[in-house]
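Structure record follows, encoded as C-alpha cells.
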Amino acid sequence: MRDFAAELEARKDAGLYRRRRLVSGPQQPNLTTDGNAVLAFCSNDYLGLANDPVVAEALHQALPETGVGGGASHLVCGHHDEHHLLEQALADLTKRSAALFFSTGYMANLGVITALAGRGDTIFSDRLNHASIIDGCQLSRAKVRRYPHADVAALAELLATTSGHKLVVTDGVFSMDGDIAPLAEMARLCREHDALLVVDDAHGLGVLGEQGAGTLEQLGLSEDDVPILIGTLGKAVGTSGAFVAGPALLMDYLVQKARTYIYTTAMPPAMARATRAALALVRSEPQRRAHLQHLIGRFRAEAQALGYRLMPSETPIQPIEVGDNWAALELSRELEARGLLVTAIRPPTVPEGEARLRVTFSAAHTDADLDRLLAGLADCRCFYPG
Ligand SMILES: *Cc1c(COP(=O)(O)O)cnc(C)c1O
C-alpha cells in the first residue's frame with residue numbers, strides 16, 4: 001500500500017503541512033481561534049457582512065416560513081421561491097439577462113466549464129486561475145492551454161493558432177495576488193476569435209463597481225462583452241453559495257447540462273433570503289466600499305514605507321511578498337504572537353518560491369485595527385527577508 005504517513009512527513013519537512021485552526025464565535029476581525037483572541041486580516045468577508053445583524057435577522061425571519069432543509073435538488077422539488085427571487089436579484093445587480101444559483105463557487109466553476117466545453121474543444125486558462133477552474137478544465141476533457149498570467153499577447157497568439165470551439169476562462173480579481181484581469185482586451189480578443197469568455201469574479205463582486213456588481217461593472221463590460229459571469233456569495237456578500245449570470249439561453253443550457261447544478265441538493269431557502277438581504281446592503285451601503293478603499297490606500301503607503309514588498313493590487317487582497325515557505329511561516333507566526341492573524345500562503349496554492357502573507361481587508365476593520373497591524377509589521381520587520 002502507498003505510504004501515506006511518509007507523504008505527510010515529507011510535507012512537514014517541506015514546510016507545506018497544513019492544519020486547521022478552530023474558530024469560535026462569529027466571523028469578524030476580532031476572531032477567537034484555538035481559544036485565543038486575535039485580530040484577523042485573512043478573511044474574505046470584505047464588506048463585513050458575514051456577521052451583519054440585518055442579514056442574520058433576515059435568516060431568522062425566513063426560517064419559520066421556509067423551514068430548514070433544501071429537501072431535494074432544483075430539478076426535482078427543491079427549487080424554492082426564495083432561490084428564484086435571489087436569481088432575479090443577482091441578474092438585476094449584475095445587469096445580466098438571467099442568473100442561476102449554485103451551492104458553492106467550486107461547484108459553479110466545475111459545472112459551467114464542464115457543461116460549456118468538452119472533448120475536441122479548447123479551453124484557454126490563466127496560469128494563476130483558482131483551483132476550482134483548473135479542476136473544471138481537467139474534468140471537461142477539453143484540451144487546456146494555459147497562458148502566462150494576464151498576458152493578452154500570449155492569449156492572442158494561442159487563440160489565433162487554435163481551431164474549433166474555444167472557451168477562455170479567467171478570475172476577475174486574482175485570489176492570491178489581488179490584481180484585476182485585463183478583461184476589456186480579453187473581451188475584444190474573444191469576439192475577434194469567436195471564443196466564449198467566462199469570468200469568475202469571486203473577489204470582485206461586492207467590492208468593485210459603484211453598486212458593488214464587481215469587476216465587470218467597474219470596467220463597464222456588458223453581457224455582450226462577457227457572456228458568462230460567475231460570482232460567489234460566501235465572500236464579500238457574507239453568506240454562502242454562488243451564481244452564474246448571462247444570457248437566458250445559456251442559463252437554460254446550464255440547467256440541462258451542468259452536473260454540479262443538477263445532482264446536488266438545493267441550498268436551504270432561508271439562506272437564499274439572507275443572501276438577498278445582504279445583496280441589498282451591498283448596493284445601498286457604498287460607504288463600506290469607500291472605507292475599504294481608505295484602508296487599502298493607507299496600508300499600501302505605510303507598509304511599503306516599512307520596507308515590505310507588496311503586489312500591484314488595488315483590491316482588499318494585499319499580499320506581502322516573501323518567497324521562501326519557512327520565512328513566510330515564521331513571519332506569520334511572529335505576527336500571531338502579537339495577536340495578529342495573517343496566514344502564510346504556500347505552494348501549491350501559489351507558484352513554487354512565491355510564498356507570501358495574504359493580507360486582506362474588510363470594511364469591518366477600523367483605522368485602529370489597521371494601526372495595530374502596522375505596528376505589528378514594524379515590530380516584525382527583522383523577520384522579513386531582504
Ligand atoms: C473562493 C473561490 C471560489 C470558490 O467559491 P466557494 O463558494 O468558496 O466554493 C471560486 N473561484 C475563486 C476565484 C475563488 O476565490
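Residue numbering restarts at 1 in every chain; chains get A, B, ... in the order shown in the C-alpha cells, and ligands count up from 1 in that same order.
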
Next item on the list: Throw together the list of residues within 6 Å of ligand 1, counting only C-alpha atoms and all ligand atoms, and drop it here as a ChimeraX atom specification.
Entry: /A:104-106,130,132,171,175,200,202,232,234,241-242

Margin query: DSSP on the backbone: which residues in segment 33-171 of chain A end up as strand (DSSP E)? Give the answer as a list in words.
Written below: Thr33, Asn36, Ala37, Val38, Leu39, Ala40, Ala98, Ala99, Leu100, Phe101, Phe102, Thr122, Ile123, Phe124, Ser125, Asp126, Lys143, Val144, Arg145, Arg146, Tyr147, Lys166, Leu167, Val168, Val169, Thr170 and Asp171 of chain A

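The protein and nucleic acid residues lying at most 10 Å from Gly67 of chain A are Ala62, Leu63, Gly71, Pro268, Pro269 and Ala270 of chain A, with only C-alpha atoms considered and sequence neighbours fewer than 4 positions away removed.
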
Write a file of the just-selected residues containing N, CA and C atoms, as a CSV table (one decimal), in the first residue's frame.
chain,number,residue,atom,x,y,z
A,62,ALA,N,-36.9,34.2,8.0
A,62,ALA,CA,-37.3,33.3,6.9
A,62,ALA,C,-37.5,31.9,7.4
A,63,LEU,N,-36.8,31.5,8.5
A,63,LEU,CA,-36.9,30.1,8.9
A,63,LEU,C,-38.3,29.6,9.1
A,71,GLY,N,-34.2,20.0,0.9
A,71,GLY,CA,-35.2,19.0,0.6
A,71,GLY,C,-34.8,18.1,-0.6
A,268,PRO,N,-30.5,25.5,1.6
A,268,PRO,CA,-31.7,25.9,2.4
A,268,PRO,C,-32.2,27.3,1.9
A,269,PRO,N,-33.5,27.3,1.6
A,269,PRO,CA,-34.1,28.6,1.0
A,269,PRO,C,-33.9,29.8,2.0
A,270,ALA,N,-33.9,29.6,3.3
A,270,ALA,CA,-33.8,30.7,4.2
A,270,ALA,C,-32.4,31.4,4.0

Notebook entry, point to check: Please, what distance in Å, to one decimal, runs between atom CA of Gln318 of chain A and atom CA of Ile296 of chain A?
Noted result: 7.8 Å

Margin query: I want to know what sits within 10 Å of Ala99 of chain A, based on only C-alpha atoms, with residues of the same chain fewer than 3 positions away left out; could you give that as a list in words?
Written below: His84, Leu86, Glu87, Gln88, Ala89, Leu90, Ala91, Asp92, Thr94, Lys95, Arg96, Phe102, Ile228, Leu229, Ile230, Phe243, Val244, Ala245, Gly246, Pro247, Ala248, Leu250, Met251 and Asp252 of chain A

Generate a file of the selected residues that holds N, CA and C atoms, formatted as a tab-separated table (two decimals), in the first residue's frame.
chain	number	residue	atom	x	y	z
A	84	HIS	N	-35.54	31.53	-6.52
A	84	HIS	CA	-35.96	32.25	-7.72
A	84	HIS	C	-35.79	33.76	-7.52
A	86	LEU	N	-33.82	35.24	-5.45
A	86	LEU	CA	-32.39	35.55	-5.37
A	86	LEU	C	-31.79	35.62	-6.77
A	87	GLU	N	-32.16	34.69	-7.64
A	87	GLU	CA	-31.64	34.73	-9.01
A	87	GLU	C	-32.03	36.04	-9.70
A	88	GLN	N	-33.26	36.50	-9.46
A	88	GLN	CA	-33.68	37.77	-10.07
A	88	GLN	C	-32.86	38.93	-9.51
A	89	ALA	N	-32.62	38.91	-8.21
A	89	ALA	CA	-31.84	40.00	-7.59
A	89	ALA	C	-30.40	40.00	-8.13
A	90	LEU	N	-29.86	38.81	-8.36
A	90	LEU	CA	-28.49	38.71	-8.87
A	90	LEU	C	-28.39	39.19	-10.31
A	91	ALA	N	-29.39	38.83	-11.12
A	91	ALA	CA	-29.41	39.28	-12.52
A	91	ALA	C	-29.55	40.80	-12.55
A	92	ASP	N	-30.38	41.33	-11.66
A	92	ASP	CA	-30.61	42.77	-11.59
A	92	ASP	C	-29.33	43.51	-11.20
A	94	THR	N	-26.19	42.54	-11.43
A	94	THR	CA	-25.09	42.40	-12.39
A	94	THR	C	-25.47	42.85	-13.79
A	95	LYS	N	-26.72	43.30	-13.96
A	95	LYS	CA	-27.23	43.73	-15.27
A	95	LYS	C	-27.04	42.64	-16.33
A	96	ARG	N	-27.39	41.43	-15.93
A	96	ARG	CA	-27.38	40.30	-16.86
A	96	ARG	C	-28.82	39.87	-17.09
A	102	PHE	N	-25.97	28.51	-7.65
A	102	PHE	CA	-25.26	27.26	-7.34
A	102	PHE	C	-24.95	27.20	-5.84
A	228	ILE	N	-20.44	35.06	-19.82
A	228	ILE	CA	-20.63	34.25	-18.62
A	228	ILE	C	-19.88	34.86	-17.44
A	229	LEU	N	-20.66	35.28	-16.45
A	229	LEU	CA	-20.10	35.82	-15.21
A	229	LEU	C	-20.41	34.84	-14.08
A	230	ILE	N	-19.38	34.51	-13.31
A	230	ILE	CA	-19.58	33.67	-12.13
A	230	ILE	C	-19.26	34.52	-10.91
A	243	PHE	N	-23.25	31.93	-8.07
A	243	PHE	CA	-24.19	32.05	-9.19
A	243	PHE	C	-23.44	32.21	-10.49
A	244	VAL	N	-24.17	31.94	-11.57
A	244	VAL	CA	-23.69	32.22	-12.92
A	244	VAL	C	-24.70	33.17	-13.51
A	245	ALA	N	-24.25	34.19	-14.23
A	245	ALA	CA	-25.18	35.13	-14.85
A	245	ALA	C	-24.82	35.35	-16.30
A	246	GLY	N	-25.84	35.52	-17.12
A	246	GLY	CA	-25.61	35.73	-18.56
A	246	GLY	C	-26.90	35.58	-19.34
A	247	PRO	N	-26.78	35.35	-20.65
A	247	PRO	CA	-27.97	35.23	-21.49
A	247	PRO	C	-28.87	34.09	-21.03
A	248	ALA	N	-30.19	34.29	-21.13
A	248	ALA	CA	-31.16	33.30	-20.67
A	248	ALA	C	-30.93	31.94	-21.34
A	250	LEU	N	-28.15	30.58	-22.35
A	250	LEU	CA	-27.04	29.85	-21.73
A	250	LEU	C	-27.40	29.34	-20.34
A	251	MET	N	-28.20	30.13	-19.60
A	251	MET	CA	-28.61	29.67	-18.27
A	251	MET	C	-29.48	28.42	-18.41
A	252	ASP	N	-30.36	28.44	-19.42
A	252	ASP	CA	-31.20	27.27	-19.67
A	252	ASP	C	-30.33	26.06	-20.03

Note to self: as a list in words, please: the residues near Gln256 of chain A (cut-off 12 Å, only C-alpha atoms, same-chain neighbours under 5 positions excluded).
What the structure shows: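 My reading of the contact set: His74, Leu75, Leu100, Gly111, Val112, Ala115, Leu116, Leu249, Leu250, Met251, Tyr261, Ile262 and Tyr263 of chain A.
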
Keeping only N, CA and C atoms, write the selected residues to a file as a compact mmCIF listing (two decimals), in the first residue's frame.
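Written file, selection.txt:
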# COMPACT_ATOMS: atom_id res chain seq x y z
N HIS A 74 -32.72 21.00 -7.41
CA HIS A 74 -33.57 22.01 -8.07
C HIS A 74 -34.48 21.41 -9.12
N LEU A 75 -34.04 20.34 -9.77
CA LEU A 75 -34.86 19.78 -10.86
C LEU A 75 -35.87 18.75 -10.34
N LEU A 100 -28.28 31.97 -12.45
CA LEU A 100 -28.54 30.61 -11.97
C LEU A 100 -27.72 30.42 -10.69
N GLY A 111 -19.26 23.01 -12.80
CA GLY A 111 -20.47 22.79 -13.61
C GLY A 111 -20.44 23.59 -14.91
N VAL A 112 -20.06 24.84 -14.82
CA VAL A 112 -20.08 25.71 -16.00
C VAL A 112 -19.05 25.26 -17.03
N ALA A 115 -19.89 21.93 -18.63
CA ALA A 115 -21.07 21.99 -19.49
C ALA A 115 -20.76 22.70 -20.80
N LEU A 116 -19.91 23.72 -20.75
CA LEU A 116 -19.71 24.58 -21.93
C LEU A 116 -18.53 24.17 -22.80
N LEU A 249 -30.56 31.99 -22.61
CA LEU A 249 -30.36 30.73 -23.33
C LEU A 249 -29.23 29.90 -22.70
N LEU A 250 -28.15 30.58 -22.35
CA LEU A 250 -27.04 29.85 -21.73
C LEU A 250 -27.40 29.34 -20.34
N MET A 251 -28.20 30.13 -19.60
CA MET A 251 -28.61 29.67 -18.27
C MET A 251 -29.48 28.42 -18.41
N TYR A 261 -24.97 21.41 -10.87
CA TYR A 261 -26.25 22.06 -10.58
C TYR A 261 -27.34 21.00 -10.40
N ILE A 262 -27.30 20.02 -11.27
CA ILE A 262 -28.39 19.03 -11.34
C ILE A 262 -28.35 18.04 -10.18
N TYR A 263 -27.14 17.55 -9.88
CA TYR A 263 -27.06 16.41 -8.95
C TYR A 263 -26.66 16.81 -7.55

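Between Ala142 of chain A and the residues A:Glu157, A:Asp194, A:Asp179, A:Asp121, the shortest atom-to-atom distance, using only C-alpha atoms, involves A:Asp121.
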
Checklist line | Top pick for closest residue to Ala355 of chain A, considering A:Glu185, A:Glu302, A:Asp224, A:Asp177 and counting only C-alpha atoms | finding: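 Smallest distance to Ala355 of chain A is found for A:Asp177.
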
Check: Neighbours of segment 28-39 of chain A within 12 Å (only C-alpha atoms; same-chain residues fewer than 3 positions away dropped), as number ranges by chain?
Finding: A: 19-25, 42-52, 238, 335-343, 359-366, 368-373, 376

Margin query: From the options A:Ala195, A:Val76, A:Leu329, A:Leu128, which residue's atoms come nearest to Thr170 of chain A, counting only C-alpha atoms?
Written below: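 Closest to Thr170 of chain A of all the choices is A:Leu128.
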
Note to self: Can you pull out the residues contacting segment 310-315 of chain A? Cut-off 9 Å, using only C-alpha atoms, and skip same-chain residues under 2 positions away; I want them as a PyMOL selection string.
What the structure shows: chain A and resi 173+177-180+203-204+207-208+292-293+296-297+300+303-304+308+317-321+360-361

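Nearest residue to Arg333 of chain A among A:Phe383, A:Ala301, A:Glu217, A:Val198 is A:Phe383, counting only C-alpha atoms.
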
Checklist line | DSSP alpha helix (DSSP H) selection over segment 146-201 of chain A, as a PyMOL selection string | finding: chain A and resi 152-160+183-192

Item checked: Coordinates-based distance that separates atom CA of Ile123 of chain A from atom CA of Asn109 of chain A (Å, one decimal) ->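 Separating atom CA of Asn109 of chain A from atom CA of Ile123 of chain A is a distance of 13.1 Å.
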
Margin query: So the first atom is atom CA of Phe174 of chain A and the second is atom CA of Glu354 of chain A; what is the distance between them in Å, to one decimal place?
Written below: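 Computing the Euclidean distance for atom CA of Phe174 of chain A and atom CA of Glu354 of chain A yields 14.7 Å.
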
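Using only C-alpha atoms, the smallest distance between any of A:Ala98, A:Ala272, A:Leu183, A:Ala290 and Gln218 of chain A comes from A:Leu183.
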